[in-house]
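Novice: I'm passing along structure.txt; it holds compact mmCIF, C-alpha atoms.
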# COMPACT_ATOMS: atom_id res chain seq x y z
CA LEU A 1405 42.88 -66.35 28.06
CA PRO A 1406 39.96 -66.47 30.53
CA SER A 1407 36.72 -67.93 29.28
CA LEU A 1408 33.55 -65.85 29.20
CA ALA A 1409 32.15 -67.96 32.02
CA SER A 1410 35.14 -67.32 34.27
CA ALA A 1411 35.43 -63.62 33.41
CA PRO A 1412 31.92 -62.17 33.08
CA ASN A 1413 33.09 -58.65 33.98
CA VAL A 1414 35.59 -58.62 31.12
CA TYR A 1415 32.85 -59.72 28.76
CA ARG A 1416 30.44 -57.07 30.00
CA LYS A 1417 33.03 -54.35 29.64
CA ALA A 1418 33.84 -55.44 26.10
CA LYS A 1419 30.18 -55.51 25.18
CA MET A 1420 29.54 -52.02 26.53
CA THR A 1421 32.52 -50.42 24.78
CA ARG A 1422 31.30 -48.64 21.66
CA PRO A 1423 32.35 -45.59 19.70
CA LEU A 1424 31.23 -42.23 20.99
CA ARG A 1425 28.11 -40.91 19.26
CA LEU A 1426 29.31 -37.50 18.14
CA VAL A 1427 26.76 -35.26 16.42
CA ALA A 1428 27.23 -31.76 15.05
CA VAL A 1429 24.42 -29.39 14.08
CA SER A 1430 25.13 -26.60 11.62
CA GLY A 1431 22.64 -23.74 11.34
CA GLY A 1432 24.13 -22.56 8.07
CA LEU A 1433 21.61 -21.88 5.34
CA GLN A 1434 23.91 -22.29 2.35
CA ARG A 1435 26.21 -24.92 0.94
CA PRO A 1436 29.13 -24.69 1.20
CA SER A 1437 28.68 -23.26 4.68
CA LYS A 1438 31.32 -21.74 6.96
CA SER A 1439 29.36 -22.91 10.00
CA ALA A 1440 29.34 -26.47 8.65
CA ALA A 1441 33.07 -26.21 7.91
CA LEU A 1442 33.74 -25.08 11.48
CA ALA A 1443 31.56 -27.88 12.87
CA GLU A 1444 33.39 -30.47 10.75
CA HIS A 1445 36.75 -29.13 11.91
CA LEU A 1446 35.69 -29.60 15.54
CA LEU A 1447 34.29 -33.06 14.81
CA ASP A 1448 37.62 -34.12 13.34
CA LEU A 1449 39.54 -32.79 16.34
CA ILE A 1450 37.37 -34.77 18.77
CA ALA A 1451 37.51 -37.89 16.60
CA ALA A 1452 41.31 -37.71 16.71
CA GLU A 1453 41.15 -38.02 20.50
CA ILE A 1454 38.55 -40.77 20.98
CA PRO A 1455 36.81 -43.39 18.77
CA CYS A 1456 33.65 -41.79 17.37
CA GLU A 1457 30.70 -42.27 15.09
CA GLN A 1458 30.34 -38.86 13.45
CA CYS A 1459 27.16 -37.26 12.14
CA LEU A 1460 26.72 -33.75 10.71
CA VAL A 1461 23.19 -32.31 10.58
CA GLU A 1462 22.98 -29.42 8.09
CA LEU A 1463 19.79 -27.49 8.77
CA GLY A 1464 19.93 -25.54 5.53
CA GLN A 1465 19.59 -28.79 3.59
CA LEU A 1466 16.65 -29.94 5.72
CA ALA A 1467 14.80 -26.62 5.75
CA PRO A 1468 12.52 -27.24 2.73
CA GLN A 1469 11.14 -30.34 4.50
CA TRP A 1470 10.21 -28.79 7.83
CA ALA A 1471 10.44 -25.00 7.97
CA GLY A 1472 6.63 -24.71 8.02
CA ALA A 1473 6.00 -27.40 10.65
CA VAL A 1474 4.44 -26.38 13.96
CA TRP A 1475 4.36 -29.75 15.76
CA ARG A 1476 6.89 -32.57 15.78
CA SER A 1477 4.20 -34.96 14.59
CA GLN A 1478 4.11 -32.99 11.33
CA LEU A 1479 7.77 -33.64 10.51
CA PRO A 1480 8.80 -36.04 7.73
CA GLY A 1481 10.93 -39.10 8.44
CA PRO A 1482 14.34 -37.64 7.46
CA VAL A 1483 13.92 -34.70 9.84
CA GLU A 1484 12.71 -36.95 12.66
CA ARG A 1485 15.82 -39.11 12.21
CA GLU A 1486 18.09 -36.08 12.55
CA LEU A 1487 16.26 -34.98 15.71
CA ALA A 1488 16.65 -38.47 17.15
CA ALA A 1489 20.38 -38.43 16.30
CA VAL A 1490 20.80 -35.23 18.31
CA GLU A 1491 18.79 -36.59 21.24
CA GLN A 1492 20.77 -39.84 21.30
CA ALA A 1493 24.21 -38.25 20.90
CA ASP A 1494 26.86 -38.63 23.58
CA VAL A 1495 28.42 -35.29 22.66
CA LEU A 1496 27.06 -32.38 20.61
CA VAL A 1497 28.84 -29.75 18.57
CA VAL A 1498 26.62 -26.86 17.53
CA ALA A 1499 27.61 -24.12 15.09
CA THR A 1500 25.48 -21.31 13.74
CA PRO A 1501 26.02 -18.23 11.64
CA VAL A 1502 25.16 -14.99 13.40
CA TYR A 1503 22.07 -13.36 11.93
CA ARG A 1504 21.00 -9.98 13.30
CA GLY A 1505 22.91 -10.48 16.52
CA SER A 1506 21.80 -14.02 17.32
CA TYR A 1507 21.56 -17.59 16.03
CA THR A 1508 19.38 -18.10 12.98
CA GLY A 1509 15.64 -18.62 13.35
CA LEU A 1510 16.03 -21.96 11.61
CA PHE A 1511 18.54 -23.08 14.25
CA LYS A 1512 16.13 -22.15 17.05
CA HIS A 1513 13.18 -23.74 15.24
CA PHE A 1514 15.06 -27.06 15.04
CA PHE A 1515 15.86 -27.07 18.75
CA ASP A 1516 12.26 -26.15 19.55
CA PHE A 1517 11.42 -29.70 18.42
CA ILE A 1518 14.06 -31.37 20.64
CA ASP A 1519 12.68 -33.09 23.73
CA GLN A 1520 13.57 -30.79 26.61
CA ASP A 1521 14.90 -33.63 28.79
CA SER A 1522 17.01 -35.33 26.12
CA LEU A 1523 20.07 -33.08 26.49
CA ILE A 1524 20.35 -33.14 30.30
CA ASP A 1525 24.05 -33.34 31.28
CA LYS A 1526 25.08 -33.80 27.63
CA PRO A 1527 28.41 -32.10 26.76
CA VAL A 1528 27.87 -29.41 24.11
CA LEU A 1529 30.67 -27.58 22.33
CA LEU A 1530 29.46 -24.18 21.12
CA ALA A 1531 30.63 -22.47 17.94
CA ALA A 1532 29.53 -19.62 15.69
CA THR A 1533 30.56 -17.74 12.57
CA GLY A 1534 29.99 -14.11 11.71
CA GLY A 1535 31.02 -11.25 9.49
CA SER A 1536 33.17 -9.53 12.12
CA GLN A 1537 34.51 -9.84 15.65
CA ARG A 1538 31.73 -7.66 17.06
CA HIS A 1539 29.41 -10.69 17.11
CA ALA A 1540 31.80 -12.97 19.05
CA LEU A 1541 29.77 -12.71 22.27
CA VAL A 1542 26.86 -14.53 20.61
CA ILE A 1543 28.27 -17.74 22.11
CA ASP A 1544 27.94 -16.56 25.71
CA HIS A 1545 24.93 -14.27 25.32
CA GLN A 1546 22.75 -16.42 23.05
CA LEU A 1547 23.92 -20.02 22.69
CA ARG A 1548 24.86 -20.69 26.30
CA PRO A 1549 21.45 -19.62 27.68
CA LEU A 1550 19.65 -21.76 25.10
CA PHE A 1551 21.49 -24.92 26.12
CA SER A 1552 21.28 -24.02 29.79
CA PHE A 1553 17.51 -24.32 29.36
CA PHE A 1554 18.09 -27.91 28.20
CA GLN A 1555 20.32 -28.47 31.28
CA ALA A 1556 23.15 -29.48 28.96
CA ARG A 1557 26.78 -29.14 30.01
CA THR A 1558 28.10 -26.40 27.75
CA LEU A 1559 31.85 -26.87 27.45
CA PRO A 1560 34.24 -24.24 28.81
CA LEU A 1561 35.51 -22.71 25.56
CA GLY A 1562 33.46 -21.77 22.53
CA VAL A 1563 34.89 -21.13 19.08
CA TYR A 1564 34.02 -18.09 17.00
CA ALA A 1565 35.29 -17.48 13.47
CA THR A 1566 34.77 -14.61 11.04
CA ASP A 1567 34.56 -14.74 7.26
CA GLN A 1568 38.22 -13.70 7.08
CA ASP A 1569 39.28 -16.80 9.03
CA PHE A 1570 38.34 -19.11 6.14
CA ALA A 1571 39.96 -19.85 2.79
CA GLU A 1572 38.00 -22.00 0.33
CA HIS A 1573 35.58 -22.78 3.17
CA ARG A 1574 38.27 -24.21 5.42
CA LEU A 1575 39.74 -22.63 8.55
CA HIS A 1576 43.09 -21.03 7.79
CA ASN A 1577 43.57 -18.52 10.63
CA ASP A 1578 46.16 -20.03 12.99
CA ALA A 1579 44.71 -18.28 16.04
CA VAL A 1580 41.24 -19.76 15.45
CA ILE A 1581 42.72 -23.18 14.68
CA GLN A 1582 44.60 -23.05 17.98
CA ARG A 1583 41.46 -21.89 19.79
CA ALA A 1584 39.54 -24.85 18.33
CA ALA A 1585 42.27 -27.26 19.44
CA LEU A 1586 42.28 -25.75 22.94
CA ALA A 1587 38.47 -25.95 23.15
CA VAL A 1588 38.60 -29.66 22.37
CA GLU A 1589 41.53 -30.21 24.75
CA ARG A 1590 39.57 -28.54 27.55
CA ALA A 1591 36.47 -30.56 26.63
CA MET A 1592 38.04 -34.02 26.69
CA PRO A 1593 38.23 -34.47 30.51
CA LEU A 1594 34.48 -33.86 30.79
CA VAL A 1595 33.73 -36.07 27.78
CA GLY A 1596 35.86 -38.82 29.32
CA LEU A 1597 34.14 -38.44 32.69
CA MET A 1598 30.69 -38.66 31.10
CA ARG A 1599 31.83 -41.67 29.10
CA ARG A 1600 33.07 -43.54 32.18
CA SER A 1601 29.90 -42.69 34.09
CA SER A 1602 27.79 -44.03 31.25
CA HIS A 1603 29.77 -47.29 31.14
CA SER A 1604 29.56 -47.71 34.91
CA LEU A 1605 25.79 -47.26 34.86
CA ALA A 1606 25.42 -49.74 32.00
CA GLU A 1607 27.55 -52.31 33.82
CA GLU A 1608 25.51 -51.87 36.99
CA MET A 1609 22.30 -52.44 35.03
CA LEU A 1610 23.71 -55.62 33.48
CA ALA A 1611 24.97 -56.85 36.84
CA GLY A 1612 21.58 -56.24 38.38
The structure in this file should be written as structure tokens.
Specialist:
Amino acid sequence: LPSLASAPNVYRKAKMTRPLRLVAVSGGLQRPSKSAALAEHLLDLIAAEIPCEQCLVELGQLAPQWAGAVWRSQLPGPVERELAAVEQADVLVVATPVYRGSYTGLFKHFFDFIDQDSLIDKPVLLAATGGSQRHALVIDHQLRPLFSFFQARTLPLGVYATDQDFAEHRLHNDAVIQRAALAVERAMPLVGLMRRSSHSLAEEMLAG
């Protein structure tokens, strides 16, 4: 085997290889939450494709600590840590219940605290849950514009599920399960490209 001295590039590459930081944000207000269940399903699909460190942020559980905050400086430590996890993620999954035709106010309030430059070029897989199919366009009409503001890379396919698609708070509709699998399949080339670009930049910084 080559020594570290004779193979510095091998060493650098090994040092820079780390699991993907995969963070999901659920805007669900209850527990158990269908939005959280959908987010976890997508997390597991991505983790099956690439080594990941998974984190699920459930806004409904955090709400009592920050719902009345106006400025980020007013937030308690646990909420600040969740914001930082989102900002430092390599890939985001976001899922929200539909409330009166859009994402929940709590979901928007959380992202109002996110640094507007922290999600630039970050892959984001969009998902939503609702009472019926009539709200399915919330992904393209509400979520996509929000993350376009952040200059994030919203992934090609979103995943929408209704209440009838769950059994015991787990996806059981085969069509939605297949849609979720296809969304992740379509996402992986971009995730891989971003991953390689990140490694190349890190190696260039070390070499310099």
Novice: Could you tell me which of A:Leu1547, A:Ala1493, A:Met1592, A:Leu1541 comes closest to Lys1512 of chain A if we count only C-alpha atoms?
Specialist: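 Closest to Lys1512 of chain A of all the choices is A:Leu1547.
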Novice: Write out as a CSV table (one decimal) with C-alpha atoms, in the coordinates of the input each polymer residue whose atoms come within 7 Å of Leu1523 of chain A, counting all atoms listed in the file; drop sequence neighbours fewer than 3 positions from it.
Specialist:
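Contents of selection20.csv, freshly written:
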chain,number,residue,atom,x,y,z
A,1491,GLU,CA,18.8,-36.6,21.2
A,1520,GLN,CA,13.6,-30.8,26.6
A,1526,LYS,CA,25.1,-33.8,27.6
A,1554,PHE,CA,18.1,-27.9,28.2
A,1555,GLN,CA,20.3,-28.5,31.3
A,1556,ALA,CA,23.2,-29.5,29.0
Novice: Considering all atoms listed in the file, state which residue in the set A:Ala1488, A:Leu1466, A:Leu1446, A:Val1580 is at the smallest distance from Leu1530 of chain A.
Specialist: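 Result for the nearest residue to Leu1530 of chain A: A:Leu1446.
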Novice: What is the atom CA of Tyr1507 of chain A-atom CA of Trp1475 of chain A distance in Å, reported with one decimal?
Specialist: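 According to the coordinates, atom CA of Tyr1507 of chain A and atom CA of Trp1475 of chain A are separated by 21.1 Å.
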Novice: Might you pull out every residue within 12 Å of Pro1560 of chain A, with all atoms listed in the file counted and same-chain residues fewer than 2 positions away left off, and present them as a list of chain:residue names?
Specialist: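 The residues that qualify are A:Pro1527, A:Val1528, A:Leu1529, A:Leu1530, A:Ala1531, A:Ile1543, A:Asp1544, A:Arg1548, A:Arg1557, A:Thr1558, A:Gly1562, A:Val1563, A:Arg1583, A:Ala1584, A:Leu1586, A:Ala1587, A:Val1588, A:Glu1589, A:Arg1590, A:Ala1591, A:Met1592, A:Pro1593, A:Leu1594, A:Val1595.
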Novice: Identify which of the residues A:Asp1516, A:Glu1572, A:Asp1578, A:Glu1486 lies closest to Val1461 of chain A, counting only C-alpha atoms when measuring atom-to-atom distances.
Specialist: A:Glu1486
Novice: Using only C-alpha atoms, find the one residue out of A:Asp1567, A:Glu1457, A:Asp1521, A:Asp1448 that sits nearest to Ala1489 of chain A.
Specialist: A:Glu1457
Novice: So, with all atoms listed in the file as the atoms that count, which of A:Pro1423, A:Pro1501, A:Pro1482, A:Pro1436 lies closest to His1539 of chain A?
Specialist: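 Result for the nearest residue to His1539 of chain A: A:Pro1501.
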Novice: Take the point (31.4, -29.9, 15.8) as written in the file and pick out every residue within 7 Å of it, counting all atoms listed in the file; give the list as a PyMOL selection string.
Specialist: chain A and resi 1428+1442-1447+1496-1499+1529
Novice: How many Å separate atom CA of Leu1479 of chain A from atom CA of Arg1425 of chain A?
Specialist: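 Spanning atom CA of Leu1479 of chain A to atom CA of Arg1425 of chain A is a straight-line distance of 23.3 Å.
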Novice: Work out how far atom CA of His1513 of chain A is from atom CA of Leu1559 of chain A, in Å to one decimal.
Specialist: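 Separation of atom CA of Leu1559 of chain A and atom CA of His1513 of chain A: 22.5 Å.
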Novice: Between A:Val1427, A:Pro1480, A:Phe1551, A:Ala1473, which one has atoms that come closest to Leu1460 of chain A, using all atoms listed in the file?
Specialist: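 Checking each of A:Val1427, A:Pro1480, A:Phe1551, A:Ala1473 against Leu1460 of chain A, counting all atoms listed in the file, the winner is A:Val1427.
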